[in-house]
Structures are given as C-alpha cells and as structure tokens.
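**Student:** work-v6.txt is reproduced in full below (compact mmCIF, C-alpha atoms).
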```txt
# COMPACT_ATOMS: atom_id res chain seq x y z
CA MET A 113 -102.22 15.09 47.90
CA ARG A 114 -105.48 14.38 49.69
CA TYR A 115 -106.40 13.86 53.32
CA ALA A 116 -109.37 12.14 54.98
CA ILE A 117 -110.74 11.73 58.48
CA TYR A 118 -111.45 8.09 59.22
CA PHE A 119 -112.48 5.75 61.94
CA VAL A 120 -109.85 3.02 61.80
CA PRO A 121 -110.13 0.22 64.37
CA ASP A 122 -107.34 -0.27 66.88
CA PRO A 123 -104.42 -2.05 65.17
CA ASP A 124 -104.47 -4.73 67.86
CA SER A 125 -108.18 -5.47 67.45
CA GLU A 126 -109.64 -8.53 65.75
CA LEU A 127 -111.54 -6.31 63.32
CA SER A 128 -108.33 -4.61 62.22
CA GLU A 129 -106.57 -7.93 61.67
CA LEU A 130 -109.47 -9.46 59.75
CA GLY A 131 -109.91 -6.35 57.64
CA ALA A 132 -106.24 -6.14 56.69
CA ARG A 133 -106.19 -9.81 55.72
CA TRP A 134 -109.40 -9.51 53.71
CA LEU A 135 -108.36 -6.34 51.84
CA GLY A 136 -104.73 -7.42 51.52
CA TYR A 137 -103.51 -4.09 52.88
CA ASP A 138 -102.95 -2.66 56.35
CA VAL A 139 -103.64 1.08 56.27
CA GLU A 140 -101.79 1.57 59.57
CA THR A 141 -98.48 -0.02 58.59
CA GLY A 142 -98.59 -0.20 54.79
CA THR A 143 -98.13 -3.98 54.95
CA ARG A 144 -99.56 -5.98 52.05
CA PHE A 145 -100.96 -9.51 52.25
CA ALA A 146 -101.59 -12.29 49.77
CA ALA A 147 -105.14 -13.29 48.87
CA PRO A 148 -106.90 -14.98 51.79
CA VAL A 149 -107.61 -18.68 51.38
CA VAL A 150 -111.40 -18.96 51.39
CA GLY A 151 -113.63 -21.51 49.75
CA GLY A 152 -115.56 -20.38 46.71
CA LEU A 153 -113.34 -17.41 45.85
CA ASP A 154 -110.14 -17.59 43.82
CA ALA A 155 -107.31 -15.06 43.92
CA ALA A 156 -108.39 -13.31 40.73
CA GLY A 157 -111.97 -12.93 41.91
CA TRP A 158 -110.80 -11.64 45.27
CA ALA A 159 -108.44 -9.13 43.66
CA ARG A 160 -111.27 -7.72 41.55
CA LEU A 161 -113.59 -7.38 44.54
CA VAL A 162 -111.12 -5.59 46.82
CA ALA A 163 -109.21 -3.52 44.26
CA GLU A 164 -110.99 -0.27 45.12
CA PRO A 165 -111.58 -0.59 48.90
CA ALA A 166 -108.04 -1.93 49.47
CA ARG A 167 -106.61 1.40 48.34
CA TYR A 168 -108.35 3.12 51.25
CA GLY A 169 -107.75 0.40 53.84
CA LEU A 170 -110.24 -0.82 56.42
CA HIS A 171 -112.02 2.29 57.62
CA ALA A 172 -115.26 4.19 57.98
CA THR A 173 -115.25 7.67 56.48
CA MET A 174 -115.99 10.60 58.75
CA LYS A 175 -114.73 13.37 56.45
CA ALA A 176 -114.34 12.32 52.82
CA PRO A 177 -110.97 12.82 51.05
CA PHE A 178 -110.12 16.44 50.37
CA ARG A 179 -107.23 18.55 49.17
CA LEU A 180 -105.76 20.94 51.72
CA ALA A 181 -107.01 24.51 51.46
CA GLU A 182 -104.51 27.20 50.49
CA GLY A 183 -102.70 28.53 53.52
CA CYS A 184 -103.32 25.40 55.61
CA GLN A 185 -100.50 23.09 56.63
CA GLU A 186 -100.40 19.39 57.41
CA CYS A 187 -99.17 20.00 60.94
CA GLU A 188 -102.22 22.20 61.59
CA LEU A 189 -104.47 19.40 60.41
CA VAL A 190 -102.75 16.98 62.80
CA ASP A 191 -103.29 19.46 65.63
CA ALA A 192 -106.96 19.78 64.65
CA LEU A 193 -107.32 16.00 64.76
CA ARG A 194 -105.96 15.94 68.28
CA ASP A 195 -108.29 18.76 69.36
CA PHE A 196 -111.28 17.06 67.78
CA ALA A 197 -110.54 13.75 69.48
CA ARG A 198 -110.13 15.41 72.85
CA SER A 199 -113.50 17.17 72.53
CA VAL A 200 -115.65 14.09 71.82
CA THR A 201 -116.30 10.75 73.50
CA PRO A 202 -116.41 7.16 72.20
CA VAL A 203 -119.63 5.80 70.71
CA ARG A 204 -120.65 2.18 71.24
CA LEU A 205 -122.54 0.47 68.43
CA PRO A 206 -124.54 -2.41 69.97
CA VAL A 207 -124.42 -4.74 66.96
CA LEU A 208 -122.26 -4.81 63.84
CA SER A 209 -123.90 -6.29 60.74
CA LEU A 210 -122.88 -7.31 57.24
CA THR A 211 -124.93 -5.24 54.80
CA ASP A 212 -125.39 -5.06 51.04
CA LEU A 213 -125.35 -1.32 50.32
CA LYS A 214 -126.72 -0.96 46.81
CA GLY A 215 -124.24 -3.37 45.28
CA PHE A 216 -121.25 -3.47 47.62
CA PHE A 217 -120.79 -5.12 51.01
CA ALA A 218 -119.90 -3.30 54.20
CA LEU A 219 -120.03 -3.66 57.94
CA THR A 220 -122.65 -1.32 59.41
CA PRO A 221 -124.58 -0.76 62.62
CA ALA A 222 -127.55 -3.14 62.70
CA ILE A 223 -129.81 -0.11 63.10
CA ARG A 224 -129.18 3.57 62.56
CA HIS A 225 -127.38 5.06 65.54
CA ALA A 226 -127.80 8.73 66.41
CA GLY A 227 -124.54 8.87 68.36
CA ILE A 228 -122.30 7.85 65.47
CA GLU A 229 -124.25 9.99 63.01
CA ASP A 230 -123.76 13.03 65.25
CA LEU A 231 -120.04 12.26 65.62
CA CYS A 232 -119.54 12.00 61.86
CA ALA A 233 -121.56 15.16 61.25
CA ARG A 234 -119.34 17.04 63.66
CA ALA A 235 -116.24 15.78 61.86
CA VAL A 236 -117.66 17.05 58.57
CA ARG A 237 -118.17 20.50 60.05
CA ASP A 238 -115.05 20.78 62.22
CA PHE A 239 -112.57 19.88 59.46
CA GLU A 240 -114.31 21.93 56.76
CA PRO A 241 -111.91 24.91 57.10
CA PHE A 242 -109.09 22.65 55.88
CA ARG A 243 -110.86 21.56 52.68
CA ALA A 244 -109.99 23.15 49.37
CA ALA A 245 -112.85 23.86 47.00
CA LEU A 246 -113.65 21.10 44.53
CA SER A 247 -112.31 21.37 41.02
CA PRO A 248 -114.76 21.22 38.08
CA ALA A 249 -113.51 17.69 37.34
CA GLU A 250 -114.17 16.59 40.93
CA ILE A 251 -117.67 18.06 40.84
CA ALA A 252 -118.43 16.33 37.55
CA ARG A 253 -117.20 13.00 38.90
CA ARG A 254 -119.53 13.24 41.89
CA GLN A 255 -122.48 14.33 39.78
CA ALA A 256 -121.97 11.41 37.41
CA ALA A 257 -123.31 9.09 40.14
CA GLY A 258 -126.72 10.75 39.83
CA LEU A 259 -127.53 13.00 42.77
CA ASN A 260 -130.86 14.10 44.15
CA GLU A 261 -131.50 17.74 45.05
CA ARG A 262 -130.44 17.32 48.67
CA GLN A 263 -127.23 15.53 47.73
CA GLN A 264 -126.36 18.22 45.22
CA ALA A 265 -126.83 20.85 47.91
CA LEU A 266 -124.54 18.92 50.25
CA LEU A 267 -121.94 18.57 47.50
CA ASP A 268 -122.03 22.33 46.95
CA ARG A 269 -121.71 23.10 50.67
CA TRP A 270 -119.48 20.34 52.04
CA GLY A 271 -117.69 18.92 49.00
CA TYR A 272 -119.33 15.51 49.30
CA PRO A 273 -122.96 14.49 48.67
CA TYR A 274 -123.26 11.71 51.26
CA VAL A 275 -122.89 13.57 54.54
CA LEU A 276 -125.17 14.58 57.43
CA ASP A 277 -128.67 13.16 56.81
CA GLN A 278 -127.51 11.48 53.59
CA ALA A 279 -124.67 9.57 55.29
CA ARG A 280 -124.65 6.02 56.57
CA PHE A 281 -121.75 4.84 58.72
CA HIS A 282 -120.11 1.85 57.04
CA ILE A 283 -116.82 -0.04 56.77
CA THR A 284 -116.43 -1.00 53.12
CA LEU A 285 -115.36 -4.56 52.31
CA THR A 286 -115.87 -4.86 48.55
CA GLY A 287 -116.25 -2.94 45.34
CA ARG A 288 -119.29 -3.42 43.13
CA VAL A 289 -120.66 -6.96 43.26
CA ARG A 290 -122.40 -8.66 40.38
CA ILE A 291 -125.99 -9.64 41.11
CA GLU A 292 -125.31 -13.30 40.39
CA GLU A 293 -122.41 -13.47 42.86
CA ALA A 294 -123.97 -11.52 45.74
CA ALA A 295 -125.45 -14.46 47.65
CA GLY A 296 -122.28 -16.53 47.49
CA LEU A 297 -120.10 -13.60 48.48
CA GLU A 298 -122.37 -12.75 51.38
CA ALA A 299 -121.86 -16.26 52.72
CA ILE A 300 -118.08 -15.96 52.30
CA LEU A 301 -117.94 -12.61 54.09
CA THR A 302 -120.24 -13.81 56.86
CA ASP A 303 -117.90 -16.69 57.56
CA PHE A 304 -114.71 -14.62 57.25
CA PHE A 305 -115.92 -11.84 59.56
CA LYS A 306 -117.82 -14.16 61.90
CA PRO A 307 -115.75 -13.10 64.95
CA VAL A 308 -117.03 -9.51 64.70
CA ILE A 309 -120.46 -9.74 63.05
CA GLY A 310 -123.30 -9.61 65.55
CA ARG A 311 -121.06 -8.09 68.20
CA PRO A 312 -120.67 -4.54 69.48
CA LEU A 313 -118.12 -2.11 68.11
CA THR A 314 -116.84 0.92 69.97
CA ILE A 315 -115.86 3.91 67.87
CA ASP A 316 -113.03 5.06 70.10
CA ARG A 317 -110.39 6.57 67.84
CA VAL A 318 -110.09 8.87 64.87
CA ALA A 319 -107.40 8.83 62.20
CA LEU A 320 -105.96 11.24 59.67
CA ALA A 321 -105.18 9.37 56.44
CA VAL A 322 -103.20 10.71 53.51
CA GLU A 323 -103.03 9.88 49.81
CA ARG A 324 -99.56 11.07 48.80
CA ALA A 325 -100.19 10.93 45.05
CA PRO A 326 -103.32 10.30 42.95
CA GLY A 327 -104.23 6.62 42.89
CA THR A 328 -101.78 5.57 45.60
CA PRO A 329 -102.95 3.82 48.79
CA PHE A 330 -104.05 5.90 51.74
CA GLU A 331 -101.87 5.67 54.86
CA VAL A 332 -102.66 6.59 58.44
CA LEU A 333 -100.58 9.67 59.20
CA ALA A 334 -101.83 10.25 62.75
CA SER A 335 -104.51 8.93 65.07
CA ALA A 336 -105.99 9.86 68.41
CA PRO A 337 -108.17 8.08 70.95
CA LEU A 338 -111.47 9.85 71.53
CA GLY A 339 -111.64 11.76 74.77
CA HIS A 340 -107.82 11.78 75.09
CA PRO A 341 -105.38 14.62 74.33
CA LEU A 342 -102.64 12.58 72.64
CA ALA A 343 -102.20 11.73 68.98
CA TYR A 344 -99.90 9.14 67.44
CA THR A 345 -98.13 8.81 64.12
CA ARG A 346 -98.55 5.69 62.01
CA ARG A 347 -95.43 4.33 63.72
CA THR A 348 -97.11 4.95 67.10
CA ILE A 349 -94.61 7.63 68.08
CA GLN A 350 -96.28 9.95 70.56
CA LEU A 351 -96.61 13.56 69.50
CA ASP A 352 -96.31 16.38 72.00
CA ALA A 353 -99.49 16.89 73.99
CA VAL A 354 -101.06 20.32 74.10
```
Transcribe the structure of this file into structure tokens.

**Tutor:**
Amino acid sequence: MRYAIYFVPDPDSELSELGARWLGYDVETGTRFAAPVVGGLDAAGWARLVAEPARYGLHATMKAPFRLAEGCQECELVDALRDFARSVTPVRLPVLSLTDLKGFFALTPAIRHAGIEDLCARAVRDFEPFRAALSPAEIARRQAAGLNERQQALLDRWGYPYVLDQARFHITLTGRVRIEEAAGLEAILTDFFKPVIGRPLTIDRVALAVERAPGTPFEVLASAPLGHPLAYTRRTIQLDAV
C-alpha cells in the first residue's frame, strides 16, 4: 500500500470535471468514464495516452507516493494532513498553461511561482516522517531514468529525485507522446481544456491519496481545504475537528 500527498482540484470545479472526463477516471469518487469524443483521436489512441496518468487521477504531486514507515498508522497520516492544511494558506497561480514536459503534456503555471514551490517543498519535508525507506528495487527504478548528481542526492534524502529545486508543479494529462503526434495532440488538449487554460488556478486544498495494491488506481482517502481545520473523506463525510 502506498500513499501520496496531492493537490486535487475541488470536485465541483470545471478543472476537476474536465480532467476526469479526459483521463476517464475520477480520483475522488472512483467513477470511470468512456473515451471522450474528440476529433483526431480515436478510443485506442486515447487509451494509450492516458493509461498511466489515469491510474493516479487528475492531480499535482506534492509528496510522491510512499509506503508507510514502520510504526506509523493511516489515521496518524490523516491527522497530519489536517494539521498541514491548517498551517498553510492557498496559493493563486495567475495563469495556467498547457506545457510539453519532455515528452508528456501537463497543465503548469505559465511561469515558475515561488509560492507553490514553497508549499510543495514544505509538504515534502512535513510528511517525511511517514515515509518508509526505499527498497533496492525502488531505488533502481528511479535511477534507471538517468539522474544527475543533485537528483541522486534528493533521491537518497527524500525518496524522490524531483523535489525542492528539481521539482516543477504540474498536472499530468498524458503519458509519453510520440514526436510525430505531439503537435496534433497539443491542439486537441488546447481545445479540450480551453475553459481553464490561460486562466488562474487557486491551490486551495490538499488530498491524501492511497494505492491499495500495486498497480491499482489511486483514490482520495481524505482532503482538507488550506487554512481550515477540517478534513473530509472521499465521500465528503466530515471528520472530527481538532
């Protein structure tokens, strides 16, 4: 079982609806959707493109997936999520852009934003006590991507190479895209996500997601609005406030 700390947009937001329809999976409810009807992309091509990101749902990673450290319990992690959310404030990104990130498409801030980078860095640090050490297989899998010296040091310290100064806030929309299909797919995504591209996005909630078994979809276990003491389960049942 693995856990992750995500930004997941409000379930009632346009971004959440578009993302669930595009990926074919709603990480909040577990609902699955058929392939969207878009020109220039058939169901098989769509399924290939979203196979990997759909398993994680529409999200931006704040603390990458980790196994729970020995002696730690899930309920303690939920409590920590609530405490974290209460101690920070929302961050407003002025403009959301569609970006090709070395072969896959994602929604990102139009320019780097210190506020969101600081928020994600704090999440990395604050939830570190809950992370179990990486197994040799997990280390090897990360190293197979080809890491520079700084990324290797971050992997050793934080269990993930793309954190702190090596991180870039992004909401993944596709898996790896072939060079010859990139331009056409960019046009499709631009049209599909037109209601949110070029507009601001407020990072105003944090979610705890869980992968119950290897390879299964992540699900939102609990979430909390930033700057607020309450957390909610994936069925929006209010937990007791501290």

**Student:** Pick from A:Pro312, A:Gly287, A:Met113, A:Tyr168: nearest to Pro206 in chain A, with only C-alpha atoms counted?

**Tutor:**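 The shortest atom-to-atom distance to Pro206 in chain A comes from A:Pro312.
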
**Student:** For Phe196 in chain A, which of A:Ala319, A:Phe216, A:Ala325, A:Pro165 is the closest residue, counting all atoms listed in the file?

**Tutor:**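 Under the stated criterion, the closest residue is A:Ala319.
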
**Student:** Out of A:Ala166, A:Ala132, A:Ala244, A:Ala155, which residue has the shortest atom-to-atom distance to Pro329 in chain A when counting all atoms listed in the file?

**Tutor:**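 Ranked by minimum distance to Pro329 in chain A, first place goes to A:Ala166.
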
**Student:** To one decimal place, how far is CA of Leu320 in chain A from CA of Ala116 in chain A in Å?

**Tutor:**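 Separation between CA of Leu320 in chain A and CA of Ala116 in chain A: 5.9 Å.
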
**Student:** With all atoms listed in the file as the basis for distance, which of A:Leu210, A:Leu170, A:Leu219, A:Leu153 is at the shortest distance from Phe119 in chain A?

**Tutor:**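 Ranking A:Leu210, A:Leu170, A:Leu219, A:Leu153 by distance to Phe119 in chain A, first place goes to A:Leu170.
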
**Student:** Which residue is closest to Ala197 in chain A? Choose from A:His171, A:Arg317, A:Arg243, A:Arg262 and count all atoms listed in the file.

**Tutor:**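 Distance minimum relative to Ala197 in chain A lands on A:Arg317.
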
**Student:** Measuring between all atoms listed in the file, which one of A:Val289, A:Ala226, A:Tyr272, A:Pro241 shows the shortest distance to Leu180 in chain A?

**Tutor:**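 Among the listed residues, A:Pro241 lies closest to Leu180 in chain A.
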
**Student:** Using CA of Glu261 in chain A and CA of Leu276 in chain A as the two end points, give the distance in Å to one decimal.

**Tutor:** 14.3 Å

**Student:** Please identify all polymer residues within 12 Å of Pro123 in chain A, counting only C-alpha atoms, omitting same-chain residues fewer than 4 positions from it, and present them as a list in words.

**Tutor:**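 That gives Phe119, Leu127, Ser128, Glu129, Leu130, Gly131, Ala132, Asp138, Val139, Glu140, Thr141, Leu170, His171, Arg317, Ala319, Val332, Ser335, Arg346, Arg347 and Thr348 of chain A.
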
**Student:** Which neighbours of Leu297 in chain A fall inside 12 Å, counting all atoms listed in the file, when residues of the same chain fewer than 2 positions from it are skipped, and could you give them as a compact mmCIF listing (two decimals) with C-alpha atoms, keeping the file's coordinate frame?

**Tutor:**
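Okay, around06.txt is ready:
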```
# COMPACT_ATOMS: atom_id res chain seq x y z
CA VAL A 150 -111.40 -18.96 51.39
CA GLY A 151 -113.63 -21.51 49.75
CA GLY A 152 -115.56 -20.38 46.71
CA LEU A 153 -113.34 -17.41 45.85
CA ASP A 154 -110.14 -17.59 43.82
CA GLY A 157 -111.97 -12.93 41.91
CA TRP A 158 -110.80 -11.64 45.27
CA LEU A 161 -113.59 -7.38 44.54
CA LEU A 210 -122.88 -7.31 57.24
CA THR A 211 -124.93 -5.24 54.80
CA ASP A 212 -125.39 -5.06 51.04
CA GLY A 215 -124.24 -3.37 45.28
CA PHE A 216 -121.25 -3.47 47.62
CA PHE A 217 -120.79 -5.12 51.01
CA ALA A 218 -119.90 -3.30 54.20
CA LEU A 285 -115.36 -4.56 52.31
CA THR A 286 -115.87 -4.86 48.55
CA GLY A 287 -116.25 -2.94 45.34
CA ARG A 288 -119.29 -3.42 43.13
CA VAL A 289 -120.66 -6.96 43.26
CA ARG A 290 -122.40 -8.66 40.38
CA ILE A 291 -125.99 -9.64 41.11
CA GLU A 292 -125.31 -13.30 40.39
CA GLU A 293 -122.41 -13.47 42.86
CA ALA A 294 -123.97 -11.52 45.74
CA ALA A 295 -125.45 -14.46 47.65
CA ALA A 299 -121.86 -16.26 52.72
CA ILE A 300 -118.08 -15.96 52.30
CA LEU A 301 -117.94 -12.61 54.09
CA THR A 302 -120.24 -13.81 56.86
CA ASP A 303 -117.90 -16.69 57.56
CA PHE A 304 -114.71 -14.62 57.25
CA PHE A 305 -115.92 -11.84 59.56
```

**Student:** Interatomic distance between CA of Trp270 in chain A and CA of Ala252 in chain A?

**Tutor:**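 If I compute the distance from CA of Trp270 in chain A to CA of Ala252 in chain A, I get 15.1 Å.
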
**Student:** Taking (-116.0, 16.3, 60.3) in the file's own coordinates, collect the residues within 10 Å, counting all atoms listed in the file, and hand them back as number ranges by chain.

**Tutor:** A: 116-118, 173-176, 193, 196, 230-240, 270, 275-276

**Student:** Around (-120.9, -2.8, 62.8) in the file's frame, which residues reach within 6 Å when counting only C-alpha atoms? Return as a count of residues only?

**Tutor:** 6

**Student:** Would you compute the box with edges along x, y and z of the file around range 221-236 of chain A, including every atom the file lists for it and 4 Å extra on each side, and give its centre and edge lengths in Å to one decimal, as JSON?

**Tutor:**
```
{"center_x": -123.0, "center_y": 7.0, "center_z": 63.5, "size_x": 21.6, "size_y": 28.2, "size_z": 17.8}
```
